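Enquirer: Okay, so here is my_file00.pdb, and as you'll see once you scroll down, it has PDB, C-alpha atoms and all ligand atoms.
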MODEL        1
ATOM      1  CA  MET G   1       0.000   0.000   0.000
ATOM      2  CA  GLN G   2       1.436   3.373  -1.047
ATOM      3  CA  ARG G   3       1.888   6.162   1.477
ATOM      4  CA  THR G   4      -0.234   9.207   0.758
ATOM      5  CA  VAL G   5      -0.581  12.783   1.933
ATOM      6  CA  ILE G   6      -3.941  14.454   2.465
ATOM      7  CA  LEU G   7      -3.934  17.902   0.868
ATOM      8  CA  SER G   8      -5.662  20.821   2.600
ATOM      9  CA  ASN G   9      -8.869  20.261   0.587
ATOM     10  CA  GLY G  10      -9.058  16.572   1.619
ATOM     11  CA  VAL G  11      -7.682  15.154  -1.650
ATOM     12  CA  SER G  12      -5.343  12.202  -1.142
ATOM     13  CA  MET G  13      -2.081  12.234  -3.129
ATOM     14  CA  PRO G  14       0.564   9.468  -3.263
ATOM     15  CA  LEU G  15       3.829  10.589  -1.641
ATOM     16  CA  VAL G  16       5.823   8.983  -4.466
ATOM     17  CA  GLY G  17       5.059   9.812  -8.085
ATOM     18  CA  LEU G  18       6.948   9.129 -11.283
ATOM     19  CA  GLY G  19       8.765  12.152 -12.749
ATOM     20  CA  THR G  20       8.695  12.335 -16.532
ATOM     21  CA  TYR G  21      10.860  15.340 -17.440
ATOM     22  CA  LYS G  22      12.988  14.418 -20.485
ATOM     23  CA  THR G  23      11.064  11.137 -20.892
ATOM     24  CA  ARG G  24       9.938  11.441 -24.486
ATOM     25  CA  GLY G  25       8.900   9.226 -27.366
ATOM     26  CA  CYS G  26       6.094   6.716 -27.533
ATOM     27  CA  ASP G  27       8.102   3.510 -26.978
ATOM     28  CA  LEU G  28       9.961   4.925 -23.990
ATOM     29  CA  ILE G  29       6.835   6.337 -22.332
ATOM     30  CA  PHE G  30       4.937   3.083 -22.829
ATOM     31  CA  SER G  31       7.739   1.027 -21.258
ATOM     32  CA  VAL G  32       8.164   3.474 -18.361
ATOM     33  CA  VAL G  33       4.421   3.609 -17.611
ATOM     34  CA  LYS G  34       4.162  -0.186 -17.730
ATOM     35  CA  ALA G  35       7.140  -0.597 -15.372
ATOM     36  CA  ALA G  36       5.755   2.054 -13.025
ATOM     37  CA  LEU G  37       2.253   0.589 -12.825
ATOM     38  CA  GLU G  38       3.755  -2.884 -12.281
ATOM     39  CA  ALA G  39       5.940  -1.520  -9.472
ATOM     40  CA  GLY G  40       2.933   0.097  -7.771
ATOM     41  CA  TYR G  41       3.176   3.764  -8.854
ATOM     42  CA  ARG G  42      -0.198   5.444  -8.975
ATOM     43  CA  SER G  43       0.983   9.004  -9.549
ATOM     44  CA  PHE G  44       2.563  10.592 -12.641
ATOM     45  CA  ASP G  45       4.045  14.068 -12.995
ATOM     46  CA  THR G  46       4.121  15.773 -16.379
ATOM     47  CA  ALA G  47       3.941  19.328 -17.752
ATOM     48  CA  ALA G  48       2.991  21.054 -20.979
ATOM     49  CA  VAL G  49       6.645  21.981 -21.516
ATOM     50  CA  TYR G  50       7.781  18.328 -21.234
ATOM     51  CA  ARG G  51       5.917  17.694 -24.505
ATOM     52  CA  ASN G  52       4.987  14.157 -23.483
ATOM     53  CA  GLU G  53       1.386  14.577 -22.274
ATOM     54  CA  LYS G  54      -0.048  12.939 -25.382
ATOM     55  CA  GLU G  55       2.139   9.839 -25.121
ATOM     56  CA  LEU G  56       1.529   9.622 -21.375
ATOM     57  CA  GLY G  57      -2.234   9.812 -21.993
ATOM     58  CA  GLU G  58      -2.013   7.066 -24.617
ATOM     59  CA  ALA G  59       0.121   4.841 -22.395
ATOM     60  CA  LEU G  60      -2.238   5.196 -19.420
ATOM     61  CA  HIS G  61      -5.258   4.602 -21.648
ATOM     62  CA  HIS G  62      -3.579   1.432 -22.897
ATOM     63  CA  TYR G  63      -2.249   0.015 -19.619
ATOM     64  CA  LEU G  64      -4.828   0.932 -16.961
ATOM     65  CA  PRO G  65      -7.315  -1.792 -18.028
ATOM     66  CA  GLN G  66      -4.459  -4.325 -18.249
ATOM     67  CA  PHE G  67      -3.616  -3.608 -14.604
ATOM     68  CA  ASN G  68      -7.288  -3.665 -13.639
ATOM     69  CA  LEU G  69      -7.095   0.018 -12.734
ATOM     70  CA  SER G  70      -9.484   2.842 -13.491
ATOM     71  CA  ARG G  71      -8.976   6.589 -13.837
ATOM     72  CA  GLU G  72      -9.886   7.130 -10.176
ATOM     73  CA  ASP G  73      -7.014   4.861  -9.082
ATOM     74  CA  ILE G  74      -4.337   7.176 -10.427
ATOM     75  CA  PHE G  75      -3.194  10.719  -9.701
ATOM     76  CA  ILE G  76      -2.067  12.874 -12.616
ATOM     77  CA  THR G  77      -0.282  16.197 -12.316
ATOM     78  CA  SER G  78       0.419  18.621 -15.117
ATOM     79  CA  LYS G  79       1.688  22.193 -15.209
ATOM     80  CA  LEU G  80       0.912  25.447 -16.912
ATOM     81  CA  SER G  81       3.585  26.490 -19.400
ATOM     82  CA  PRO G  82       5.211  29.896 -18.746
ATOM     83  CA  SER G  83       4.090  30.764 -22.297
ATOM     84  CA  ALA G  84       0.415  30.386 -21.294
ATOM     85  CA  GLN G  85       0.302  32.601 -18.193
ATOM     86  CA  GLY G  86      -2.872  34.711 -17.728
ATOM     87  CA  TYR G  87      -6.507  34.259 -16.683
ATOM     88  CA  ASP G  88      -7.980  33.083 -19.999
ATOM     89  CA  GLU G  89      -4.757  31.544 -21.252
ATOM     90  CA  SER G  90      -4.296  29.319 -18.190
ATOM     91  CA  GLN G  91      -7.796  27.887 -18.503
ATOM     92  CA  ALA G  92      -7.355  27.288 -22.231
ATOM     93  CA  ALA G  93      -3.966  25.619 -21.582
ATOM     94  CA  LEU G  94      -5.530  23.316 -18.990
ATOM     95  CA  GLU G  95      -8.099  22.206 -21.598
ATOM     96  CA  VAL G  96      -5.249  21.400 -24.030
ATOM     97  CA  SER G  97      -3.452  19.347 -21.367
ATOM     98  CA  LEU G  98      -6.692  17.494 -20.553
ATOM     99  CA  SER G  99      -7.255  16.737 -24.215
ATOM    100  CA  ASN G 100      -3.630  15.567 -24.684
ATOM    101  CA  LEU G 101      -3.920  13.315 -21.661
ATOM    102  CA  GLN G 102      -7.397  12.052 -22.724
ATOM    103  CA  LEU G 103      -8.822  13.088 -19.354
ATOM    104  CA  SER G 104     -11.938  14.904 -18.168
ATOM    105  CA  TYR G 105     -10.162  16.194 -15.065
ATOM    106  CA  LEU G 106      -6.628  16.495 -13.694
ATOM    107  CA  ASP G 107      -5.741  15.603 -10.115
ATOM    108  CA  LEU G 108      -3.306  18.484  -9.741
ATOM    109  CA  TYR G 109      -2.492  21.471 -11.943
ATOM    110  CA  LEU G 110       0.412  23.770 -11.093
ATOM    111  CA  ILE G 111       1.705  27.128 -12.289
ATOM    112  CA  HIS G 112       5.070  25.794 -13.463
ATOM    113  CA  TRP G 113       7.143  28.939 -12.976
ATOM    114  CA  PRO G 114       6.434  32.343 -11.376
ATOM    115  CA  ALA G 115       7.412  34.286 -14.534
ATOM    116  CA  ALA G 116       5.872  34.550 -17.991
ATOM    117  CA  ALA G 117       7.902  33.278 -20.948
ATOM    118  CA  LYS G 118       7.971  36.616 -22.734
ATOM    119  CA  LEU G 119       9.018  38.688 -19.718
ATOM    120  CA  LYS G 120      12.443  39.071 -18.162
ATOM    121  CA  PRO G 121      12.652  37.712 -14.570
ATOM    122  CA  GLU G 122      13.043  41.247 -13.190
ATOM    123  CA  ASP G 123       9.974  42.576 -15.052
ATOM    124  CA  PRO G 124       7.364  43.627 -12.439
ATOM    125  CA  ARG G 125       4.556  42.635 -14.856
ATOM    126  CA  ASN G 126       5.279  39.015 -13.844
ATOM    127  CA  ARG G 127       3.294  39.699 -10.646
ATOM    128  CA  GLU G 128       0.163  40.694 -12.518
ATOM    129  CA  VAL G 129       0.445  37.855 -15.026
ATOM    130  CA  ARG G 130       0.840  35.084 -12.447
ATOM    131  CA  ALA G 131      -2.012  36.563 -10.365
ATOM    132  CA  GLY G 132      -4.176  36.226 -13.492
ATOM    133  CA  SER G 133      -3.065  32.601 -13.923
ATOM    134  CA  TRP G 134      -3.887  31.839 -10.306
ATOM    135  CA  ALA G 135      -7.400  33.278 -10.732
ATOM    136  CA  GLY G 136      -7.735  31.114 -13.864
ATOM    137  CA  LEU G 137      -6.729  27.994 -11.922
ATOM    138  CA  GLU G 138      -9.204  28.857  -9.165
ATOM    139  CA  ALA G 139     -11.978  29.153 -11.779
ATOM    140  CA  ALA G 140     -11.009  25.782 -13.321
ATOM    141  CA  TYR G 141     -10.935  24.188  -9.845
ATOM    142  CA  LYS G 142     -14.422  25.523  -9.121
ATOM    143  CA  ARG G 143     -15.639  24.101 -12.448
ATOM    144  CA  GLY G 144     -14.313  20.655 -11.417
ATOM    145  CA  ARG G 145     -11.663  20.424 -14.151
ATOM    146  CA  VAL G 146      -8.978  19.773 -11.554
ATOM    147  CA  ARG G 147      -9.141  18.269  -8.031
ATOM    148  CA  ALA G 148      -6.293  20.333  -6.573
ATOM    149  CA  VAL G 149      -4.228  23.292  -7.729
ATOM    150  CA  GLY G 150      -0.901  24.728  -6.806
ATOM    151  CA  VAL G 151       2.284  26.419  -7.828
ATOM    152  CA  SER G 152       5.831  25.365  -8.557
ATOM    153  CA  ASN G 153       9.147  27.105  -8.036
ATOM    154  CA  TYR G 154       7.494  29.701  -5.803
ATOM    155  CA  THR G 155       9.747  31.239  -3.148
ATOM    156  CA  VAL G 156       8.423  32.529   0.182
ATOM    157  CA  THR G 157       8.171  35.991  -1.426
ATOM    158  CA  HIS G 158       6.028  34.693  -4.318
ATOM    159  CA  LEU G 159       3.810  32.733  -1.928
ATOM    160  CA  GLN G 160       3.383  35.625   0.486
ATOM    161  CA  GLU G 161       2.379  37.901  -2.391
ATOM    162  CA  LEU G 162      -0.183  35.335  -3.575
ATOM    163  CA  LEU G 163      -1.642  34.874  -0.074
ATOM    164  CA  ASP G 164      -1.916  38.659   0.307
ATOM    165  CA  GLN G 165      -4.018  38.798  -2.878
ATOM    166  CA  THR G 166      -6.401  35.890  -2.373
ATOM    167  CA  SER G 167      -7.937  33.619   0.227
ATOM    168  CA  PHE G 168      -7.616  30.680  -2.187
ATOM    169  CA  THR G 169      -4.440  29.012  -0.902
ATOM    170  CA  PRO G 170      -2.437  26.670  -3.180
ATOM    171  CA  HIS G 171      -2.669  23.016  -2.197
ATOM    172  CA  VAL G 172       0.889  22.249  -3.315
ATOM    173  CA  ASN G 173       4.199  24.009  -3.986
ATOM    174  CA  GLN G 174       6.528  21.809  -6.065
ATOM    175  CA  VAL G 175      10.166  22.853  -5.639
ATOM    176  CA  GLU G 176      13.728  21.589  -5.642
ATOM    177  CA  TYR G 177      14.345  20.072  -2.217
ATOM    178  CA  HIS G 178      17.044  17.602  -1.142
ATOM    179  CA  PRO G 179      19.947  17.443   1.363
ATOM    180  CA  HIS G 180      22.078  19.730  -0.840
ATOM    181  CA  TYR G 181      19.251  22.298  -1.119
ATOM    182  CA  LEU G 182      17.215  22.339   2.053
ATOM    183  CA  GLN G 183      14.991  25.419   1.778
ATOM    184  CA  LYS G 184      14.156  25.221   5.487
ATOM    185  CA  GLY G 185      12.417  28.628   5.508
ATOM    186  CA  LEU G 186      10.214  27.700   2.555
ATOM    187  CA  LYS G 187       9.347  24.337   4.098
ATOM    188  CA  SER G 188       8.207  25.840   7.401
ATOM    189  CA  PHE G 189       6.307  28.617   5.589
ATOM    190  CA  CYS G 190       4.417  25.983   3.570
ATOM    191  CA  GLU G 191       3.723  23.903   6.686
ATOM    192  CA  ASN G 192       2.301  26.941   8.505
ATOM    193  CA  GLU G 193       0.045  27.829   5.563
ATOM    194  CA  GLY G 194      -1.194  24.269   4.906
ATOM    195  CA  ILE G 195       0.606  24.042   1.547
ATOM    196  CA  HIS G 196       2.084  20.627   0.771
ATOM    197  CA  LEU G 197       5.767  20.859  -0.178
ATOM    198  CA  GLN G 198       6.513  18.423  -2.996
ATOM    199  CA  ALA G 199      10.147  17.837  -3.932
ATOM    200  CA  TYR G 200      11.569  17.604  -7.408
ATOM    201  CA  SER G 201      15.115  16.642  -8.461
ATOM    202  CA  SER G 202      15.449  14.547  -5.285
ATOM    203  CA  LEU G 203      18.250  12.592  -6.987
ATOM    204  CA  GLY G 204      20.111  15.649  -8.280
ATOM    205  CA  THR G 205      18.511  15.914 -11.766
ATOM    206  CA  SER G 206      19.629  13.885 -14.784
ATOM    207  CA  LEU G 207      23.237  15.122 -14.598
ATOM    208  CA  GLN G 208      25.707  12.571 -15.930
ATOM    209  CA  SER G 209      27.200  11.961 -12.485
ATOM    210  CA  SER G 210      24.865  13.296  -9.801
ATOM    211  CA  PRO G 211      26.800  14.901  -6.914
ATOM    212  CA  LEU G 212      23.895  13.919  -4.656
ATOM    213  CA  LEU G 213      23.986  10.211  -5.531
ATOM    214  CA  GLN G 214      27.780  10.287  -5.157
ATOM    215  CA  ASP G 215      27.947  12.316  -1.951
ATOM    216  CA  PRO G 216      30.284  10.280   0.325
ATOM    217  CA  THR G 217      28.126  10.746   3.455
ATOM    218  CA  ILE G 218      24.985   9.675   1.573
ATOM    219  CA  CYS G 219      26.763   6.644   0.072
ATOM    220  CA  HIS G 220      28.230   5.660   3.453
ATOM    221  CA  LEU G 221      24.861   5.893   5.222
ATOM    222  CA  ALA G 222      23.080   4.014   2.423
ATOM    223  CA  ASN G 223      25.669   1.261   2.693
ATOM    224  CA  LYS G 224      25.147   1.057   6.456
ATOM    225  CA  LEU G 225      21.349   0.839   6.030
ATOM    226  CA  THR G 226      21.598  -1.614   3.093
ATOM    227  CA  CYS G 227      19.601   0.603   0.784
ATOM    228  CA  SER G 228      20.697   2.518  -2.308
ATOM    229  CA  PRO G 229      21.673   6.220  -2.176
ATOM    230  CA  ALA G 230      18.522   6.959  -4.235
ATOM    231  CA  GLN G 231      16.289   5.142  -1.721
ATOM    232  CA  LEU G 232      17.974   6.966   1.153
ATOM    233  CA  LEU G 233      17.339  10.371  -0.456
ATOM    234  CA  LEU G 234      13.728   9.529  -1.231
ATOM    235  CA  ARG G 235      13.017   8.143   2.238
ATOM    236  CA  TRP G 236      14.678  11.170   3.859
ATOM    237  CA  ALA G 237      12.075  13.339   2.110
ATOM    238  CA  THR G 238       9.001  11.125   2.507
ATOM    239  CA  GLN G 239       9.720  10.529   6.188
ATOM    240  CA  GLN G 240       9.351  14.309   6.617
ATOM    241  CA  GLY G 241       6.007  14.149   4.791
ATOM    242  CA  VAL G 242       7.508  15.675   1.639
ATOM    243  CA  GLY G 243       6.284  14.154  -1.644
ATOM    244  CA  VAL G 244       8.864  13.011  -4.218
ATOM    245  CA  LEU G 245       8.864  12.514  -7.994
ATOM    246  CA  PRO G 246      11.902  10.380  -8.918
ATOM    247  CA  LYS G 247      12.425  10.256 -12.665
ATOM    248  CA  SER G 248      13.785   7.133 -14.264
ATOM    249  CA  THR G 249      13.684   5.319 -17.567
ATOM    250  CA  SER G 250      15.157   2.139 -16.097
ATOM    251  CA  ALA G 251      12.702  -0.526 -14.891
ATOM    252  CA  SER G 252      14.991  -1.567 -12.045
ATOM    253  CA  HIS G 253      15.430   2.016 -10.811
ATOM    254  CA  ILE G 254      11.678   2.585 -11.099
ATOM    255  CA  ARG G 255      11.084  -0.453  -8.856
ATOM    256  CA  GLU G 256      13.817   0.558  -6.427
ATOM    257  CA  ASN G 257      12.557   4.130  -6.050
ATOM    258  CA  ILE G 258       9.150   3.137  -4.719
ATOM    259  CA  HIS G 259      10.421   0.512  -2.269
ATOM    260  CA  LEU G 260      10.883   2.804   0.688
ATOM    261  CA  ASP G 261       9.522   0.576   3.435
ATOM    262  CA  PHE G 262      12.169   1.413   6.019
ATOM    263  CA  ASP G 263      12.576   4.217   8.548
ATOM    264  CA  LEU G 264      15.578   6.425   9.241
ATOM    265  CA  SER G 265      16.553   7.133  12.835
ATOM    266  CA  GLU G 266      16.401  10.735  14.048
ATOM    267  CA  LYS G 267      20.201  10.711  13.999
ATOM    268  CA  ASP G 268      20.383   9.578  10.371
ATOM    269  CA  LEU G 269      17.727  12.109   9.328
ATOM    270  CA  ALA G 270      19.748  14.832  11.044
ATOM    271  CA  THR G 271      22.984  13.677   9.384
ATOM    272  CA  LEU G 272      21.379  14.123   5.971
ATOM    273  CA  SER G 273      19.874  17.473   6.926
ATOM    274  CA  ASN G 274      23.248  18.791   8.074
ATOM    275  CA  LEU G 275      25.625  17.975   5.238
ATOM    276  CA  GLY G 276      26.628  21.619   5.074
ATOM    277  CA  ILE G 277      26.395  21.756   1.273
ATOM    278  CA  SER G 278      24.158  24.266  -0.473
ATOM    279  CA  HIS G 279      23.799  23.665  -4.156
ATOM    280  CA  LYS G 280      20.842  24.164  -6.474
ATOM    281  CA  TYR G 281      20.907  21.831  -9.477
ATOM    282  CA  ALA G 282      17.818  23.110 -11.351
ATOM    283  CA  TRP G 283      16.700  26.642 -12.350
ATOM    284  CA  ASP G 284      16.650  29.307  -9.663
ATOM    285  CA  PRO G 285      13.397  31.329  -9.361
ATOM    286  CA  SER G 286      14.734  33.727  -6.717
ATOM    287  CA  SER G 287      15.433  36.483  -9.273
ATOM    288  CA  VAL G 288      11.827  36.448 -10.551
ATOM    289  CA  LEU G 289       9.987  39.575  -9.435
TER     290      LEU G 289
HETATM  291  N1  LIG W   1       8.354  21.804 -11.351
HETATM  292  C1  LIG W   1       9.547  21.884 -11.891
HETATM  293  O1  LIG W   1      10.025  22.965 -12.285
HETATM  294  C2  LIG W   1      10.370  20.638 -12.020
HETATM  295  C3  LIG W   1      11.747  20.755 -12.289
HETATM  296  C4  LIG W   1      12.491  19.565 -12.375
HETATM  297  C5  LIG W   1      11.863  18.347 -12.206
HETATM  298  N2  LIG W   1      10.514  18.266 -11.978
HETATM  299  C6  LIG W   1       9.817  16.964 -11.836
HETATM  300  O2  LIG W   1      10.558  16.136 -10.939
HETATM  301  C7  LIG W   1      10.978  14.961 -11.618
HETATM  302  C8  LIG W   1      12.317  14.470 -11.080
HETATM  303  O3  LIG W   1      13.354  15.428 -11.205
HETATM  304  P1  LIG W   1      14.516  15.312 -12.298
HETATM  305  O4  LIG W   1      13.936  14.844 -13.581
HETATM  306  O5  LIG W   1      15.241  16.605 -12.270
HETATM  307  O6  LIG W   1      15.487  14.181 -11.850
HETATM  308  P2  LIG W   1      15.783  13.245 -10.571
HETATM  309  O7  LIG W   1      14.602  12.424 -10.253
HETATM  310  O8  LIG W   1      16.417  14.058  -9.507
HETATM  311  O9  LIG W   1      16.941  12.340 -11.199
HETATM  312  C9  LIG W   1      16.766  11.606 -12.356
HETATM  313  C10 LIG W   1      18.084  10.908 -12.672
HETATM  314  O10 LIG W   1      18.381   9.957 -11.641
HETATM  315  C11 LIG W   1      18.619   8.681 -12.240
HETATM  316  N3  LIG W   1      18.051   7.676 -11.332
HETATM  317  C12 LIG W   1      16.750   7.441 -11.063
HETATM  318  N4  LIG W   1      16.624   6.471 -10.157
HETATM  319  C13 LIG W   1      17.870   6.077  -9.844
HETATM  320  C14 LIG W   1      18.375   5.098  -8.968
HETATM  321  N5  LIG W   1      17.567   4.339  -8.231
HETATM  322  N6  LIG W   1      19.720   4.943  -8.903
HETATM  323  C15 LIG W   1      20.559   5.705  -9.646
HETATM  324  N7  LIG W   1      20.133   6.655 -10.505
HETATM  325  C16 LIG W   1      18.787   6.844 -10.597
HETATM  326  C17 LIG W   1      17.905   8.720 -13.568
HETATM  327  O11 LIG W   1      18.549   7.863 -14.471
HETATM  328  P3  LIG W   1      17.818   6.539 -15.060
HETATM  329  O12 LIG W   1      16.753   7.029 -15.995
HETATM  330  O13 LIG W   1      18.926   5.814 -15.738
HETATM  331  O14 LIG W   1      17.254   5.784 -13.890
HETATM  332  C18 LIG W   1      18.062  10.173 -13.990
HETATM  333  O15 LIG W   1      19.297  10.378 -14.627
HETATM  334  C19 LIG W   1      11.000  15.394 -13.090
HETATM  335  O16 LIG W   1      11.076  14.313 -13.974
HETATM  336  C20 LIG W   1       9.745  16.209 -13.164
HETATM  337  O17 LIG W   1       8.613  15.367 -13.234
HETATM  338  C21 LIG W   1       9.777  19.406 -11.862
ENDMDL
END
If you took the structure in this file and wrote it as structure tokens, what would it be?
Expert:
Amino acid sequence: MQRTVILSNGVSMPLVGLGTYKTRGCDLIFSVVKAALEAGYRSFDTAAVYRNEKELGEALHHYLPQFNLSREDIFITSKLSPSAQGYDESQAALEVSLSNLQLSYLDLYLIHWPAAAKLKPEDPRNREVRAGSWAGLEAAYKRGRVRAVGVSNYTVTHLQELLDQTSFTPHVNQVEYHPHYLQKGLKSFCENEGIHLQAYSSLGTSLQSSPLLQDPTICHLANKLTCSPAQLLLRWATQQGVGVLPKSTSASHIRENIHLDFDLSEKDLATLSNLGISHKYAWDPSSVL
């Protein structure tokens, strides 16, 4: 049985979902979805900018009946492209994602990035544009096109601005979060506001040799606990109630990444939370006004 988190509106979301950034092409998506469903994944994370929604929709349509699963058994997240920010645009973009995925509703829809594609990060018009997108997502939520809505790559400043403008609080903030990039302030802000913090790039992105997976302390601790460095990183997050979205195109890694049925001691959790390294591996939204 998969661990889940209950979002502030009562919707249940699996704590582990399959990341699909850079997973493209029909054959690859079909094999990844099959391996994930076999391994027990019930949650999939995509985005308009990943350009794989159509293939993901086809693969789920194909495999769900084979695994005796229905639409309600799975949780699908997609994200608004920075090129579709705005009140009308965000709602139209959601309809395109739904059509690509062959769905009548999404489980979670996120504003992917706090800036608009055509604006520089320091352009103050970003504030207005993302406020419009958020109002668009609220309207879509109220129409039942999505069961939960949220943001991604929002800093405390972006979140505070949003909360000052509306009483409709995001259910999720999806951000980079791992022992090399702790974001303690953001995590406690989200906890206080009832926003679920969901981690991406838990394994250090798809870099050729991930400094996270090769960190000597992480490798040493994983060895001691007879798990892999990837499992250690994923359990470190889920044990704190933080959702994770490991991306893999390898069936054995996909299986490994959801087998997290062990607990870390307080001491081991603290060791990982105090590595003393601060490194962001994905894009940094802190310069976005
Ligand atoms: N909202 C956002 O802005 C945002 C940004 C980045 C990511 N995301 C989401 O988060 C997901 C995950 O982040 P990510 O794609 O940056 O990468 P990640 O999950 O941190 O790392 C993926 C890399 O780790 C390798 N890997 C996976 N399992 C492994 C294991 N058990 N042992 C060793 N290596 C393993 C993969 O290679 P193999 O394929 O060979 O296993 C791949 O190279 C994305 O796919 C996407 O869905 C969201």
Enquirer: Near range 47-61 of chain G, within 12 Å and counting only C-alpha atoms, which residues show up once chain neighbours fewer than 6 positions away are dropped, as JSON, numbers by chain?
Expert: {"G": [18, 19, 20, 21, 22, 23, 24, 25, 26, 27, 28, 29, 30, 31, 32, 33, 34, 35, 36, 37, 41, 67, 68, 69, 70, 71, 73, 74, 75, 76, 77, 78, 79, 80, 81, 82, 83, 84, 90, 93, 94, 95, 96, 97, 98, 99, 100, 101, 102, 103, 104, 106, 108, 109, 110, 111, 112, 113, 117, 152]}
Enquirer: Considering only C-alpha atoms, state which residue in the set G:Trp134, G:Phe44, G:Tyr87, G:Tyr200 is at the smallest distance from Tyr181 in chain G.
Expert: G:Tyr200
Enquirer: What does the list of residues within 8 Å of ligand LIG 1 (chain W) look like if you count only C-alpha atoms and all ligand atoms, written as a ChimeraX atom specification?
Expert: /G:18-23,44-47,79,112-113,152-153,174-176,199-208,210,213,228-231,244-254,256-257,282-283
Enquirer: Please, could you write that set of residues out with C-alpha atoms as a compact mmCIF listing (two decimals), in the frame of the given file?
Expert:
# COMPACT_ATOMS: atom_id res chain seq x y z
CA LEU G 18 6.95 9.13 -11.28
CA GLY G 19 8.76 12.15 -12.75
CA THR G 20 8.70 12.34 -16.53
CA TYR G 21 10.86 15.34 -17.44
CA LYS G 22 12.99 14.42 -20.48
CA THR G 23 11.06 11.14 -20.89
CA PHE G 44 2.56 10.59 -12.64
CA ASP G 45 4.04 14.07 -13.00
CA THR G 46 4.12 15.77 -16.38
CA ALA G 47 3.94 19.33 -17.75
CA LYS G 79 1.69 22.19 -15.21
CA HIS G 112 5.07 25.79 -13.46
CA TRP G 113 7.14 28.94 -12.98
CA SER G 152 5.83 25.36 -8.56
CA ASN G 153 9.15 27.10 -8.04
CA GLN G 174 6.53 21.81 -6.06
CA VAL G 175 10.17 22.85 -5.64
CA GLU G 176 13.73 21.59 -5.64
CA ALA G 199 10.15 17.84 -3.93
CA TYR G 200 11.57 17.60 -7.41
CA SER G 201 15.12 16.64 -8.46
CA SER G 202 15.45 14.55 -5.28
CA LEU G 203 18.25 12.59 -6.99
CA GLY G 204 20.11 15.65 -8.28
CA THR G 205 18.51 15.91 -11.77
CA SER G 206 19.63 13.88 -14.78
CA LEU G 207 23.24 15.12 -14.60
CA GLN G 208 25.71 12.57 -15.93
CA SER G 210 24.86 13.30 -9.80
CA LEU G 213 23.99 10.21 -5.53
CA SER G 228 20.70 2.52 -2.31
CA PRO G 229 21.67 6.22 -2.18
CA ALA G 230 18.52 6.96 -4.24
CA GLN G 231 16.29 5.14 -1.72
CA VAL G 244 8.86 13.01 -4.22
CA LEU G 245 8.86 12.51 -7.99
CA PRO G 246 11.90 10.38 -8.92
CA LYS G 247 12.42 10.26 -12.66
CA SER G 248 13.78 7.13 -14.26
CA THR G 249 13.68 5.32 -17.57
CA SER G 250 15.16 2.14 -16.10
CA ALA G 251 12.70 -0.53 -14.89
CA SER G 252 14.99 -1.57 -12.04
CA HIS G 253 15.43 2.02 -10.81
CA ILE G 254 11.68 2.58 -11.10
CA GLU G 256 13.82 0.56 -6.43
CA ASN G 257 12.56 4.13 -6.05
CA ALA G 282 17.82 23.11 -11.35
CA TRP G 283 16.70 26.64 -12.35
Enquirer: Between range 102-209 of chain G and range 217-226 of chain G, at 12 Å or less, what are the per-residue closest atom pairs and their distances in Å? Count all atoms listed in the file, order by chain and rising residue number, and return it as JSON lines.
Expert:
{"residue": "G:His178", "atom": "CA", "partner": "G:Ile218", "partner_atom": "CA", "distance": 11.5}
{"residue": "G:Pro179", "atom": "CA", "partner": "G:Ile218", "partner_atom": "CA", "distance": 9.3}
{"residue": "G:His180", "atom": "CA", "partner": "G:Ile218", "partner_atom": "CA", "distance": 10.7}
{"residue": "G:Leu203", "atom": "CA", "partner": "G:Ile218", "partner_atom": "CA", "distance": 11.3}
Enquirer: Please evaluate the PyMOL selection byres (((chain G and resi 115) around 10) and not hetatm) against the structure above and give the resulting residues as a ChimeraX atom specification.
Expert: /G:81-83,85,111-114,116-130,153-154,285,287-289
Enquirer: Do you have the CA of Ile195 in chain G-CA of Asn173 in chain G distance handy?
Expert: 6.6 Å
Enquirer: Expressed in Å to a single decimal, how great is the separation between CA of Ala131 in chain G and CA of His158 in chain G?
Expert: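 These atoms are spaced 10.2 Å apart.
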Enquirer: Write out as AutoDock Vina command-line options an axis-aligned box for range 90-105 of chain G: all of its atoms listed in the file, 8 Å added on each side, centre and edge lengths in Å with one decimal.
Expert:
--center_x -7.7 --center_y 20.7 --center_z -19.9 --size_x 24.5 --size_y 33.3 --size_z 25.6
Enquirer: Since I can't run it myself right now, could you work out what the PyMOL selection byres (((chain G and resi 139) around 12) and not hetatm) selects here and report it as a list in words?
Expert: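 After applying the PyMOL selection byres (((chain G and resi 139) around 12) and not hetatm), what remains is Tyr87, Asp88, Ser90, Gln91, Ala92, Leu94, Gly132, Ser133, Trp134, Ala135, Gly136, Leu137, Glu138, Ala140, Tyr141, Lys142, Arg143, Gly144, Arg145, Val146, Arg147, Ala148, Val149 and Phe168 of chain G.
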Enquirer: Going by the chain IDs and residue numbers used in this file, which residues fall under the PyMOL selection byres (((chain G and resi 9) around 9) and not hetatm)? Write them as an NGL selection string.
Expert: :G and (6-8 or 10-12 or 147-148 or 171)
